[in-house]
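Shown next, in structure tokens, is the structure this report addresses.
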Amino acid sequence: MKTDNLRNFTVRFLESALRRVESTAKPFYGGRLSTGEAIRRLAEERLDEIENSSPQESTHQALLRLVGAWRSGQVLSLSDLQWLAQAVNDAYQRCRRDFVAKDLLVANVGAFGDAVRAATRGKAKGIEPEEQYFLKNLGTAKDIDAKTLPEYVDKWASRLADRPSPSQAEFASRNLLTYLRDEEFGNEAQLAKTLAQYVPGLLQVAIRGHWEAQRVPLIERAKGTSPDATRDMRPITVGNVRLIPEARHDGIVATLEMTARESRVFVRNFVELEELTEITRLASLGIESGAGSFEWLIGDGEPKAYTLSCDRARWALDAKDFESLAQCLESLYREPWMIALVERLRYVYGRI
């Protein structure tokens with residue numbers, strides 16, 4: 001870890017400026033400081049003033065810039081990677097799901113492992129006492145036999161459960177954030193190139209965190225485009241369930257009609273659709289789970305009874321109607337236009 005040491009630096013001042021320091025600054029700070037110490041404090045305070053008065057880039061602007069840079073093939077700077085690591089950790093802290101995506105958490109931890117390799121040039125000689133902080137953040141029920149920190153990280157990722165908890169992701173993602181912030185890298189440009197492969201995953205989590213905080217998609221609407229304009233797509237009907245998707249310039253909404261019950265489930269945005277589809281797939285395997293707005297509850301009897309719960313209402317389905325609903329959602333995600341849309345929306349609503 002790097003430390004913020006003092007460093008000698010020689011600079012010339014006009015005698016008139018020095019007299020002003022001695023007559024004004026030194027008495028202001030108590031009169032006991034040396035002239036050099038008074039100059040140092042003046043410089044630090046002025047830097048703080050400049051930084052605090054400078055216009056700050058919003059999260060929305062920063063993410064748009066980083067997505068644009070990534071898509072154009074640019075390698076992000078270390079400062080941008082530090083910002084991104086912080087945004088990812090913030091996103092995991094705000095996550096309201098029962099679980100997070102394994103592949104995105106593995107990418108975050110993989111970036112940390114490669115950052116350690118870059119700093120040590122692949123010549124780590126063992127797990128140092130100060131590196132115990134990183135092991136505690138990873139936390140595991142079983143001991144991992146590893147000679148170096150990168151080796152420990154690799155083995156941890158290989159043993160990660162299919163559905164990690166948000167808490168587990170929050171702690172694990174602290175490692176990349178802390179390491180990029182506090183470690184010294186001899187070649188920052190090479191580090192940035194090494195971590196470039198992880199940027200897509202980091203961006204997706206950061207964008208979802210932005211959505212959860214602001215409920216604003218990461219998109220710049222084209223001039224003359226109405227935010228409410230929709231385009232009806234082909235409905236999908238299976239049994240007593242009918243799925244009616246509507247494409248929008250900023251995503252997709254949908255209606256699930258339970259024709260036998262004359263009731264409807266409204267899916268208000270891409271995030272809700274994605275989460276409903278994911279937990280429905282798990283419910284098909286007998287796994288109760290919740291993600292954001294929706295939750296599936298499965299009855300104990302035979303045949304199975306399913307209850308879809310959200311903050312707006314509850315829908316009770318028998319096994320046959322539940323299977324029809326699951327098939328409708330699966331069919332939607334096999335549509336060619338939907339496949340292309342999902343790929344684009346990963347960087348509008350993110351994923352976590």
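Ordering of the structure tokens sets the chain letters (A, B, ...), residue numbers begin anew at 1 in every chain, and ligands are numbered from 1 in the order given.
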
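Shell of Glu288 of chain A at 6 Å, with only C-alpha atoms counted and residues fewer than 3 places along the chain excluded, is Ala283, Trp296 and Leu297 of chain A.
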
The selected residues should be written to file as a PDB file, in the first residue's frame (atoms: C-alpha atoms).
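So again.pdb came out as:
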```
ATOM      1  CA  ALA A 283     -39.311 -20.933  -9.637  1.00  0.00           C
ATOM      2  CA  TRP A 296     -42.396 -15.969  -6.364  1.00  0.00           C
ATOM      3  CA  LEU A 297     -43.880 -18.001  -3.499  1.00  0.00           C
TER       4      LEU A 297
END
```

Practice task
Name the residues of segment 104-306 of chain A that fall into strand (DSSP E) according to DSSP on the backbone, using the chain letters and numbers of this document, as a PyMOL selection string.
Solution key: chain A and resi 230-232+236-238+241-248+251-258+263-267+289-291+294-298+305-306

Handout entry: Non-local contacts of segment 85-94 of chain A (9 Å; only C-alpha atoms; under 2 positions in same chain excluded) as a PyMOL selection string
Key = chain A and resi 59+80-83+96+100+108+166-174+176-178+180+202-210+212-213+352

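Considering only C-alpha atoms, the residue among A:Asn269, A:Gln132, A:Gln74, A:Thr277 positioned nearest to Ser289 of chain A is A:Thr277.
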
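Considering the residues A:Thr140, A:Val271, A:Glu130, A:Val21 and counting only C-alpha atoms, Ala38 of chain A has its shortest atom-to-atom contact with A:Val21.
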
Exercise for the section: Do a neighbour search on Thr237 of chain A at 9 Å with only C-alpha atoms, toss out local chain neighbours closer than 5 positions, and write the hits as a list in words. Expected result: Arg242, Leu243, Ile244, Ser324, Leu325 and Cys328 of chain A

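For the residues A:Glu278, A:Asp321, A:Asp143, A:Glu188, ranking by smallest atom-to-atom distance to Ala305 of chain A using only C-alpha atoms places A:Asp321 first.
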
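Residue neighbourhood of Arg159 of chain A, excluding near-sequence residues (fewer than 2 positions): Lys102, Val106, Leu138, Gly139, Thr140, Ala141, Lys142, Asp143, Ile144, Tyr152, Val153, Asp154, Lys155, Trp156, Ala157, Ala161, Asp162, Arg163 and Pro164 of chain A, at 12 Å, using only C-alpha atoms.
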
Practice task
Write down as a PyMOL selection string the residues of segment 74-319 of chain A whose backbone DSSP state falls under helix (DSSP H, G or I).
Solution key: chain A and resi 78-94+102-120+129-138+149-158+166-182+188-214+270-284+319

Export C-alpha atoms of the chosen residues as an mmCIF file, in the first residue's frame?
```cif
data_model
loop_
_atom_site.group_PDB
_atom_site.id
_atom_site.type_symbol
_atom_site.label_atom_id
_atom_site.label_comp_id
_atom_site.auth_asym_id
_atom_site.auth_seq_id
_atom_site.Cartn_x
_atom_site.Cartn_y
_atom_site.Cartn_z
ATOM 1 C CA LEU A 78 -6.548 4.694 -13.609
ATOM 2 C CA SER A 79 -8.662 7.533 -12.175
ATOM 3 C CA ASP A 80 -11.659 6.341 -14.227
ATOM 4 C CA LEU A 81 -11.101 2.763 -13.079
ATOM 5 C CA GLN A 82 -10.977 3.983 -9.475
ATOM 6 C CA TRP A 83 -14.246 5.849 -9.959
ATOM 7 C CA LEU A 84 -15.819 2.796 -11.592
ATOM 8 C CA ALA A 85 -14.715 0.490 -8.751
ATOM 9 C CA GLN A 86 -16.364 2.863 -6.260
ATOM 10 C CA ALA A 87 -19.575 2.993 -8.301
ATOM 11 C CA VAL A 88 -19.716 -0.813 -8.413
ATOM 12 C CA ASN A 89 -19.289 -1.122 -4.648
ATOM 13 C CA ASP A 90 -22.017 1.499 -4.143
ATOM 14 C CA ALA A 91 -24.316 -0.484 -6.454
ATOM 15 C CA TYR A 92 -23.852 -3.679 -4.471
ATOM 16 C CA GLN A 93 -24.594 -1.784 -1.251
ATOM 17 C CA ARG A 94 -27.939 -0.598 -2.678
ATOM 18 C CA LYS A 102 -22.083 -14.630 -10.466
ATOM 19 C CA ASP A 103 -20.266 -13.723 -13.694
ATOM 20 C CA LEU A 104 -20.211 -10.003 -12.862
ATOM 21 C CA LEU A 105 -18.878 -10.597 -9.348
ATOM 22 C CA VAL A 106 -16.227 -12.965 -10.724
ATOM 23 C CA ALA A 107 -15.194 -10.199 -13.162
ATOM 24 C CA ASN A 108 -14.814 -7.722 -10.306
ATOM 25 C CA VAL A 109 -12.708 -10.107 -8.239
ATOM 26 C CA GLY A 110 -10.743 -11.121 -11.321
ATOM 27 C CA ALA A 111 -9.869 -7.468 -11.941
ATOM 28 C CA PHE A 112 -8.609 -7.251 -8.366
ATOM 29 C CA GLY A 113 -6.433 -10.345 -8.817
ATOM 30 C CA ASP A 114 -4.929 -8.995 -12.031
ATOM 31 C CA ALA A 115 -4.312 -5.613 -10.398
ATOM 32 C CA VAL A 116 -2.300 -7.397 -7.687
ATOM 33 C CA ARG A 117 -0.326 -9.251 -10.356
ATOM 34 C CA ALA A 118 0.364 -5.955 -12.125
ATOM 35 C CA ALA A 119 1.590 -4.274 -8.938
ATOM 36 C CA THR A 120 3.814 -7.222 -7.939
ATOM 37 C CA PRO A 129 0.073 -9.681 6.929
ATOM 38 C CA GLU A 130 -1.472 -6.488 5.538
ATOM 39 C CA GLU A 131 -3.180 -8.555 2.820
ATOM 40 C CA GLN A 132 -5.360 -10.293 5.411
ATOM 41 C CA TYR A 133 -7.790 -7.394 4.896
ATOM 42 C CA PHE A 134 -8.493 -8.653 1.379
ATOM 43 C CA LEU A 135 -8.946 -12.252 2.521
ATOM 44 C CA LYS A 136 -11.485 -11.167 5.145
ATOM 45 C CA ASN A 137 -13.452 -9.273 2.513
ATOM 46 C CA LEU A 138 -13.654 -12.409 0.402
ATOM 47 C CA LEU A 149 -3.040 -13.428 -2.896
ATOM 48 C CA PRO A 150 -3.767 -13.806 -6.658
ATOM 49 C CA GLU A 151 -3.853 -17.586 -6.263
ATOM 50 C CA TYR A 152 -6.283 -17.208 -3.351
ATOM 51 C CA VAL A 153 -8.497 -14.954 -5.477
ATOM 52 C CA ASP A 154 -8.560 -17.446 -8.355
ATOM 53 C CA LYS A 155 -9.536 -20.335 -6.094
ATOM 54 C CA TRP A 156 -12.179 -18.228 -4.346
ATOM 55 C CA ALA A 157 -13.780 -17.361 -7.696
ATOM 56 C CA SER A 158 -13.779 -21.002 -8.806
ATOM 57 C CA PRO A 166 -25.485 -8.827 -2.316
ATOM 58 C CA SER A 167 -23.647 -8.654 1.021
ATOM 59 C CA GLN A 168 -21.003 -11.053 -0.249
ATOM 60 C CA ALA A 169 -20.599 -8.937 -3.383
ATOM 61 C CA GLU A 170 -20.416 -5.716 -1.373
ATOM 62 C CA PHE A 171 -17.485 -6.954 0.702
ATOM 63 C CA ALA A 172 -15.682 -8.699 -2.165
ATOM 64 C CA SER A 173 -15.904 -5.599 -4.379
ATOM 65 C CA ARG A 174 -14.179 -3.521 -1.699
ATOM 66 C CA ASN A 175 -10.918 -5.195 -2.656
ATOM 67 C CA LEU A 176 -10.691 -3.737 -6.156
ATOM 68 C CA LEU A 177 -11.798 -0.332 -4.871
ATOM 69 C CA THR A 178 -9.228 -0.284 -2.060
ATOM 70 C CA TYR A 179 -6.370 -1.679 -4.115
ATOM 71 C CA LEU A 180 -6.759 0.713 -7.036
ATOM 72 C CA ARG A 181 -7.038 3.637 -4.629
ATOM 73 C CA ASP A 182 -4.160 2.826 -2.264
ATOM 74 C CA GLU A 188 -0.417 2.749 -14.892
ATOM 75 C CA ALA A 189 -0.923 2.517 -18.662
ATOM 76 C CA GLN A 190 -0.132 -1.204 -18.639
ATOM 77 C CA LEU A 191 -2.446 -1.709 -15.652
ATOM 78 C CA ALA A 192 -5.289 -0.005 -17.527
ATOM 79 C CA LYS A 193 -4.728 -2.288 -20.539
ATOM 80 C CA THR A 194 -4.700 -5.333 -18.268
ATOM 81 C CA LEU A 195 -8.005 -4.386 -16.659
ATOM 82 C CA ALA A 196 -9.700 -3.393 -19.943
ATOM 83 C CA GLN A 197 -11.246 -6.863 -20.294
ATOM 84 C CA TYR A 198 -13.198 -6.317 -17.062
ATOM 85 C CA VAL A 199 -14.614 -2.894 -17.969
ATOM 86 C CA PRO A 200 -17.848 -4.201 -19.614
ATOM 87 C CA GLY A 201 -18.813 -6.091 -16.444
ATOM 88 C CA LEU A 202 -17.901 -3.210 -14.158
ATOM 89 C CA LEU A 203 -19.920 -0.804 -16.301
ATOM 90 C CA GLN A 204 -23.029 -2.984 -16.171
ATOM 91 C CA VAL A 205 -23.035 -3.093 -12.368
ATOM 92 C CA ALA A 206 -22.326 0.646 -12.070
ATOM 93 C CA ILE A 207 -25.129 1.468 -14.520
ATOM 94 C CA ARG A 208 -27.604 -0.696 -12.597
ATOM 95 C CA GLY A 209 -26.553 1.085 -9.413
ATOM 96 C CA HIS A 210 -27.280 4.412 -11.118
ATOM 97 C CA TRP A 211 -30.709 3.122 -12.165
ATOM 98 C CA GLU A 212 -31.506 1.966 -8.634
ATOM 99 C CA ALA A 213 -30.486 5.354 -7.218
ATOM 100 C CA GLN A 214 -32.073 7.655 -9.804
ATOM 101 C CA PHE A 270 -36.712 -3.525 -18.773
ATOM 102 C CA VAL A 271 -35.365 -4.106 -15.264
ATOM 103 C CA GLU A 272 -38.690 -5.459 -14.033
ATOM 104 C CA LEU A 273 -39.001 -7.700 -17.093
ATOM 105 C CA GLU A 274 -35.489 -9.050 -16.655
ATOM 106 C CA GLU A 275 -35.984 -9.715 -12.944
ATOM 107 C CA LEU A 276 -39.381 -11.348 -13.424
ATOM 108 C CA THR A 277 -37.932 -13.624 -16.107
ATOM 109 C CA GLU A 278 -34.991 -14.581 -13.921
ATOM 110 C CA ILE A 279 -36.965 -15.472 -10.800
ATOM 111 C CA THR A 280 -39.584 -17.284 -12.914
ATOM 112 C CA ARG A 281 -36.836 -19.512 -14.303
ATOM 113 C CA LEU A 282 -35.726 -20.294 -10.751
ATOM 114 C CA ALA A 283 -39.311 -20.933 -9.637
ATOM 115 C CA SER A 284 -39.562 -23.479 -12.465
ATOM 116 C CA ALA A 319 -49.128 -25.150 -12.005
#
```

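Using only C-alpha atoms for every distance, the candidate list A:Leu285, A:Ser165, A:Phe28, A:Phe185 yields A:Ser165 as the residue closest to Ala101 of chain A.
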
Handout entry: Interatomic distance (Å, one decimal) between atom CA of Thr148 of chain A and atom CA of Glu128 of chain A
Key = 8.5 Å

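Interatomic distance, atom CA of Val348 of chain A against atom CA of Arg314 of chain A: 29.0 Å.
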
Completion exercise
Of A:Asp98, A:Asp232, A:Glu330, A:Asp318, the one sitting nearest Arg261 of chain A when using only C-alpha atoms is A:Asp318

Practice task
Identify which of the residues A:Arg234, A:Arg41, A:Arg351, A:Lys320 lies closest to Pro303 of chain A, counting only C-alpha atoms when measuring atom-to-atom distances.
Solution key: A:Lys320

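The coordinates place atom CA of Phe99 of chain A at 28.9 Å from atom CA of Arg65 of chain A.
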